[in-house]
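> Compact mmCIF, N, CA and C atoms, file coords-v5.txt:
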# COMPACT_ATOMS: atom_id res chain seq x y z
N MET A 1 -19.12 78.27 -53.45
CA MET A 1 -19.33 76.86 -53.70
C MET A 1 -20.68 76.46 -53.11
N ALA A 2 -21.53 75.93 -53.91
CA ALA A 2 -22.88 75.56 -53.48
C ALA A 2 -22.88 74.16 -52.87
N VAL A 3 -23.74 73.98 -51.89
CA VAL A 3 -23.89 72.67 -51.26
C VAL A 3 -25.06 71.97 -51.90
N GLU A 4 -24.81 70.78 -52.39
CA GLU A 4 -25.86 70.01 -53.03
C GLU A 4 -26.23 68.83 -52.15
N LYS A 5 -27.52 68.62 -52.02
CA LYS A 5 -28.00 67.48 -51.25
C LYS A 5 -28.40 66.39 -52.24
N VAL A 6 -27.82 65.23 -52.03
CA VAL A 6 -28.11 64.11 -52.91
C VAL A 6 -28.96 63.11 -52.15
N ASN A 7 -30.10 62.81 -52.69
CA ASN A 7 -30.97 61.81 -52.07
C ASN A 7 -30.73 60.47 -52.73
N SER A 8 -29.90 59.68 -52.11
CA SER A 8 -29.65 58.35 -52.64
C SER A 8 -29.83 57.36 -51.50
N SER A 9 -30.38 56.24 -51.84
CA SER A 9 -30.58 55.21 -50.81
C SER A 9 -29.62 54.07 -51.07
N SER A 10 -29.19 53.45 -50.00
CA SER A 10 -28.29 52.32 -50.09
C SER A 10 -29.07 51.05 -49.79
N SER A 11 -28.77 50.02 -50.53
CA SER A 11 -29.42 48.75 -50.26
C SER A 11 -28.72 48.08 -49.08
N LEU A 12 -29.36 47.12 -48.49
CA LEU A 12 -28.79 46.39 -47.37
C LEU A 12 -27.49 45.71 -47.77
N ALA A 13 -27.43 45.21 -48.99
CA ALA A 13 -26.21 44.55 -49.46
C ALA A 13 -25.04 45.52 -49.52
N GLU A 14 -25.29 46.76 -49.93
CA GLU A 14 -24.22 47.76 -49.98
C GLU A 14 -23.74 48.12 -48.58
N VAL A 15 -24.66 48.23 -47.63
CA VAL A 15 -24.29 48.55 -46.26
C VAL A 15 -23.46 47.42 -45.65
N VAL A 16 -23.90 46.18 -45.83
CA VAL A 16 -23.16 45.03 -45.31
C VAL A 16 -21.79 44.95 -45.95
N ASP A 17 -21.70 45.19 -47.25
CA ASP A 17 -20.42 45.17 -47.95
C ASP A 17 -19.48 46.24 -47.39
N ARG A 18 -19.99 47.42 -47.12
CA ARG A 18 -19.15 48.50 -46.57
C ARG A 18 -18.67 48.14 -45.16
N ILE A 19 -19.56 47.57 -44.33
CA ILE A 19 -19.17 47.18 -42.97
C ILE A 19 -18.10 46.11 -43.00
N LEU A 20 -18.27 45.10 -43.87
CA LEU A 20 -17.28 44.03 -43.95
C LEU A 20 -15.96 44.54 -44.52
N ASP A 21 -16.02 45.52 -45.41
CA ASP A 21 -14.80 46.05 -46.01
C ASP A 21 -14.04 46.92 -45.02
N LYS A 22 -14.73 47.79 -44.31
CA LYS A 22 -14.07 48.72 -43.38
C LYS A 22 -13.95 48.15 -41.98
N GLY A 23 -14.96 47.41 -41.52
CA GLY A 23 -14.95 46.84 -40.19
C GLY A 23 -15.56 47.78 -39.16
N VAL A 24 -16.11 47.19 -38.11
CA VAL A 24 -16.70 47.93 -37.00
C VAL A 24 -16.23 47.27 -35.72
N VAL A 25 -15.79 48.08 -34.77
CA VAL A 25 -15.36 47.57 -33.47
C VAL A 25 -16.23 48.21 -32.40
N ILE A 26 -16.82 47.37 -31.55
CA ILE A 26 -17.62 47.85 -30.42
C ILE A 26 -16.89 47.40 -29.16
N ASP A 27 -16.46 48.37 -28.37
CA ASP A 27 -15.69 48.09 -27.16
C ASP A 27 -16.54 48.52 -25.96
N VAL A 28 -16.81 47.58 -25.05
CA VAL A 28 -17.68 47.85 -23.90
C VAL A 28 -16.94 47.50 -22.62
N TRP A 29 -17.03 48.38 -21.64
CA TRP A 29 -16.49 48.11 -20.32
C TRP A 29 -17.51 48.62 -19.32
N ALA A 30 -18.01 47.73 -18.47
CA ALA A 30 -19.02 48.12 -17.48
C ALA A 30 -18.67 47.50 -16.14
N ARG A 31 -18.99 48.24 -15.07
CA ARG A 31 -18.73 47.75 -13.73
C ARG A 31 -19.92 48.13 -12.86
N VAL A 32 -20.42 47.17 -12.09
CA VAL A 32 -21.51 47.40 -11.16
C VAL A 32 -20.96 47.17 -9.76
N SER A 33 -21.07 48.21 -8.94
CA SER A 33 -20.58 48.06 -7.56
C SER A 33 -21.62 48.60 -6.60
N LEU A 34 -21.59 48.07 -5.39
CA LEU A 34 -22.51 48.47 -4.33
C LEU A 34 -21.68 48.72 -3.08
N VAL A 35 -21.74 49.93 -2.56
CA VAL A 35 -21.01 50.35 -1.37
C VAL A 35 -19.51 50.03 -1.51
N GLY A 36 -18.97 50.31 -2.68
CA GLY A 36 -17.54 50.11 -2.90
C GLY A 36 -17.13 48.68 -3.17
N ILE A 37 -18.07 47.74 -3.22
CA ILE A 37 -17.76 46.34 -3.51
C ILE A 37 -18.18 46.05 -4.95
N GLU A 38 -17.21 45.64 -5.73
CA GLU A 38 -17.49 45.35 -7.13
C GLU A 38 -18.27 44.04 -7.24
N LEU A 39 -19.47 44.11 -7.81
CA LEU A 39 -20.32 42.93 -7.97
C LEU A 39 -20.11 42.27 -9.33
N ILE A 40 -20.10 43.07 -10.36
CA ILE A 40 -19.97 42.53 -11.72
C ILE A 40 -19.05 43.45 -12.53
N ALA A 41 -18.15 42.87 -13.27
CA ALA A 41 -17.32 43.63 -14.20
C ALA A 41 -17.39 42.92 -15.55
N ILE A 42 -17.72 43.68 -16.59
CA ILE A 42 -17.86 43.13 -17.93
C ILE A 42 -16.95 43.92 -18.87
N GLU A 43 -16.14 43.19 -19.60
CA GLU A 43 -15.30 43.80 -20.61
C GLU A 43 -15.48 43.00 -21.89
N ALA A 44 -15.89 43.65 -22.96
CA ALA A 44 -16.17 42.93 -24.20
C ALA A 44 -15.69 43.77 -25.39
N ARG A 45 -15.20 43.09 -26.38
CA ARG A 45 -14.84 43.73 -27.64
C ARG A 45 -15.42 42.89 -28.76
N VAL A 46 -16.24 43.51 -29.57
CA VAL A 46 -16.89 42.83 -30.68
C VAL A 46 -16.35 43.43 -31.98
N VAL A 47 -15.88 42.58 -32.86
CA VAL A 47 -15.35 43.02 -34.14
C VAL A 47 -16.20 42.42 -35.24
N VAL A 48 -16.73 43.27 -36.10
CA VAL A 48 -17.49 42.81 -37.25
C VAL A 48 -16.72 43.26 -38.49
N ALA A 49 -16.15 42.30 -39.19
CA ALA A 49 -15.36 42.59 -40.38
C ALA A 49 -15.16 41.30 -41.16
N SER A 50 -14.74 41.44 -42.39
CA SER A 50 -14.40 40.24 -43.14
C SER A 50 -13.09 39.70 -42.59
N VAL A 51 -12.81 38.46 -42.85
CA VAL A 51 -11.57 37.84 -42.37
C VAL A 51 -10.36 38.57 -42.93
N GLU A 52 -10.42 38.93 -44.18
CA GLU A 52 -9.30 39.64 -44.82
C GLU A 52 -9.04 40.99 -44.15
N THR A 53 -10.11 41.75 -43.88
CA THR A 53 -9.96 43.05 -43.22
C THR A 53 -9.44 42.89 -41.81
N TYR A 54 -9.97 41.92 -41.07
CA TYR A 54 -9.52 41.70 -39.69
C TYR A 54 -8.04 41.35 -39.65
N LEU A 55 -7.62 40.42 -40.50
CA LEU A 55 -6.22 40.01 -40.50
C LEU A 55 -5.30 41.15 -40.91
N LYS A 56 -5.74 42.00 -41.83
CA LYS A 56 -4.91 43.12 -42.28
C LYS A 56 -4.67 44.09 -41.12
N TYR A 57 -5.71 44.45 -40.39
CA TYR A 57 -5.54 45.41 -39.30
C TYR A 57 -4.99 44.76 -38.04
N ALA A 58 -5.30 43.51 -37.78
CA ALA A 58 -4.77 42.82 -36.61
C ALA A 58 -3.26 42.66 -36.73
N GLU A 59 -2.79 42.38 -37.92
CA GLU A 59 -1.35 42.25 -38.13
C GLU A 59 -0.65 43.59 -37.94
N ALA A 60 -1.32 44.67 -38.34
CA ALA A 60 -0.72 46.00 -38.21
C ALA A 60 -0.52 46.40 -36.75
N VAL A 61 -1.39 45.94 -35.86
CA VAL A 61 -1.26 46.29 -34.44
C VAL A 61 -0.70 45.16 -33.61
N GLY A 62 -0.29 44.06 -34.24
CA GLY A 62 0.38 42.98 -33.54
C GLY A 62 -0.54 42.04 -32.79
N LEU A 63 -1.78 41.84 -33.26
CA LEU A 63 -2.70 40.94 -32.58
C LEU A 63 -2.66 39.51 -33.10
N THR A 64 -1.98 39.28 -34.19
CA THR A 64 -1.87 37.92 -34.71
C THR A 64 -0.66 37.25 -34.09
N SER A 65 -0.78 35.99 -33.80
CA SER A 65 0.35 35.26 -33.21
C SER A 65 1.12 34.54 -34.31
N GLN A 66 2.35 34.19 -34.00
CA GLN A 66 3.17 33.49 -34.97
C GLN A 66 2.66 32.09 -35.24
N ALA A 67 1.91 31.52 -34.29
CA ALA A 67 1.37 30.17 -34.50
C ALA A 67 0.31 30.16 -35.58
N ALA A 68 -0.35 31.29 -35.81
CA ALA A 68 -1.41 31.35 -36.81
C ALA A 68 -0.86 31.53 -38.22
N VAL A 69 0.41 31.90 -38.34
CA VAL A 69 1.02 32.12 -39.63
C VAL A 69 1.56 30.79 -40.15
N PRO A 70 1.15 30.37 -41.35
CA PRO A 70 1.64 29.09 -41.87
C PRO A 70 3.13 29.17 -42.21
N ALA A 71 3.82 28.05 -42.03
CA ALA A 71 5.24 27.99 -42.32
C ALA A 71 5.47 28.03 -43.83
N VAL A 72 6.53 28.70 -44.25
CA VAL A 72 6.81 28.82 -45.69
C VAL A 72 7.84 27.82 -46.09
For the file at hand, write its structure as structure tokens.

Amino acid sequence: MAVEKVNSSSSLAEVVDRILDKGVVIDVWARVSLVGIELIAIEARVVVASVETYLKYAEAVGLTSQAAVPAV
């Protein structure tokens, strides 16, 4: 089976569409301490996704609250 290299370029719109469709999560945890004394602790989670994608995956892992669900 031969390996073929395809030279194709993606436009910015295609890249943004893929990111919004699949989503990207950046999780950061940092701690600065001096002589065993914690000076700064930073914990951040950044989610870049469309609202539809976020709600689909957030519901799957239980991150949506019942208050956010409209009554039927």
> Please provide as a PyMOL selection string all residues within 7 Å of region 27-32 of chain A, with the sequence filter that same-chain residues fewer than 2 positions apart are discarded (counting only N, CA and C atoms).
chain A and resi 25+34+37-46
> Quick one: pull the distance between atom N of Asp17 (chain A) and CA of Gly62 (chain A), Å, one decimal.
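Pair atom N of Asp17 (chain A) / CA of Gly62 (chain A) returns 26.1 Å.
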> Do you have the atom C of Ile19 (chain A)-atom C of Ser50 (chain A) distance handy?
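Computing it gives 8.1 Å between the two atoms.
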> Take the point (-10.3, 44.1, -41.2) in the file's coordinates, draw a sphere of radius 12 Å around it, and report as a list of chain:residue names every protein, DNA or RNA residue with an atom inside or on it, counting only C-alpha atoms.
A:Arg18, A:Ile19, A:Leu20, A:Asp21, A:Lys22, A:Gly23, A:Val24, A:Val25, A:Val47, A:Val48, A:Ala49, A:Ser50, A:Val51, A:Glu52, A:Thr53, A:Tyr54, A:Leu55, A:Lys56, A:Tyr57, A:Ala58, A:Glu59, A:Ala60, A:Val61, A:Leu63
> Taking all atoms of region 21-36 of chain A that the file lists, what box with edges along x, y and z, padded by 6 Å per side, do you get, with centre and edge lengths in Å to one decimal, as JSON?

{"center_x": -18.2, "center_y": 47.9, "center_z": -23.7, "size_x": 20.6, "size_y": 16.8, "size_z": 56.6}
> Suppose you want the space between atom C of Ser10 (chain A) and atom C of Ile26 (chain A); what is it in Å?
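The value is 24.2 Å.
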> Grab region 14-31 of chain A from that structure and dump N, CA, C and O atoms to a file, as a tab-separated table (two decimals), in the first residue's frame.

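Written file, selection_38.tsv:
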chain	number	residue	atom	x	y	z
A	14	GLU	N	-12.80	27.18	7.26
A	14	GLU	CA	-12.89	25.74	7.47
A	14	GLU	C	-12.31	25.34	8.82
A	14	GLU	O	-12.85	24.48	9.51
A	15	VAL	N	-11.21	25.97	9.21
A	15	VAL	CA	-10.59	25.67	10.50
A	15	VAL	C	-11.51	26.08	11.64
A	15	VAL	O	-11.72	25.33	12.59
A	16	VAL	N	-12.08	27.28	11.57
A	16	VAL	CA	-13.00	27.75	12.60
A	16	VAL	C	-14.22	26.86	12.67
A	16	VAL	O	-14.70	26.51	13.75
A	17	ASP	N	-14.75	26.45	11.53
A	17	ASP	CA	-15.90	25.56	11.49
A	17	ASP	C	-15.58	24.22	12.16
A	17	ASP	O	-16.38	23.70	12.94
A	18	ARG	N	-14.41	23.68	11.91
A	18	ARG	CA	-14.02	22.40	12.52
A	18	ARG	C	-13.87	22.55	14.03
A	18	ARG	O	-14.31	21.70	14.80
A	19	ILE	N	-13.26	23.66	14.49
A	19	ILE	CA	-13.09	23.89	15.93
A	19	ILE	C	-14.44	24.02	16.61
A	19	ILE	O	-14.69	23.45	17.67
A	20	LEU	N	-15.36	24.78	16.00
A	20	LEU	CA	-16.68	24.95	16.61
A	20	LEU	C	-17.48	23.66	16.59
A	20	LEU	O	-18.26	23.40	17.49
A	21	ASP	N	-17.26	22.83	15.57
A	21	ASP	CA	-17.99	21.58	15.47
A	21	ASP	C	-17.47	20.56	16.48
A	21	ASP	O	-18.26	19.89	17.16
A	22	LYS	N	-16.17	20.43	16.60
A	22	LYS	CA	-15.58	19.43	17.49
A	22	LYS	C	-15.33	19.96	18.89
A	22	LYS	O	-15.45	19.25	19.86
A	23	GLY	N	-14.93	21.23	19.00
A	23	GLY	CA	-14.64	21.83	20.29
A	23	GLY	C	-13.19	21.64	20.71
A	23	GLY	O	-12.53	20.69	20.31
A	24	VAL	N	-12.70	22.58	21.50
A	24	VAL	CA	-11.35	22.53	22.04
A	24	VAL	C	-11.44	22.90	23.51
A	24	VAL	O	-12.12	23.86	23.88
A	25	VAL	N	-10.77	22.13	24.36
A	25	VAL	CA	-10.73	22.41	25.79
A	25	VAL	C	-9.28	22.62	26.19
A	25	VAL	O	-8.42	21.80	25.90
A	26	ILE	N	-9.01	23.75	26.85
A	26	ILE	CA	-7.68	24.04	27.37
A	26	ILE	C	-7.81	24.08	28.89
A	26	ILE	O	-8.55	24.89	29.43
A	27	ASP	N	-7.12	23.18	29.56
A	27	ASP	CA	-7.19	23.06	31.01
A	27	ASP	C	-5.83	23.42	31.58
A	27	ASP	O	-4.83	22.80	31.23
A	28	VAL	N	-5.79	24.43	32.46
A	28	VAL	CA	-4.53	24.93	33.01
A	28	VAL	C	-4.60	24.89	34.53
A	28	VAL	O	-5.60	25.30	35.12
A	29	TRP	N	-3.54	24.41	35.15
A	29	TRP	CA	-3.42	24.45	36.60
A	29	TRP	C	-1.98	24.84	36.90
A	29	TRP	O	-1.04	24.18	36.45
A	30	ALA	N	-1.80	25.94	37.62
A	30	ALA	CA	-0.46	26.42	37.94
A	30	ALA	C	-0.41	26.85	39.40
A	30	ALA	O	-1.38	27.36	39.95
A	31	ARG	N	0.75	26.63	40.02
A	31	ARG	CA	0.92	27.01	41.41
A	31	ARG	C	2.32	27.59	41.56
A	31	ARG	O	3.30	27.02	41.08
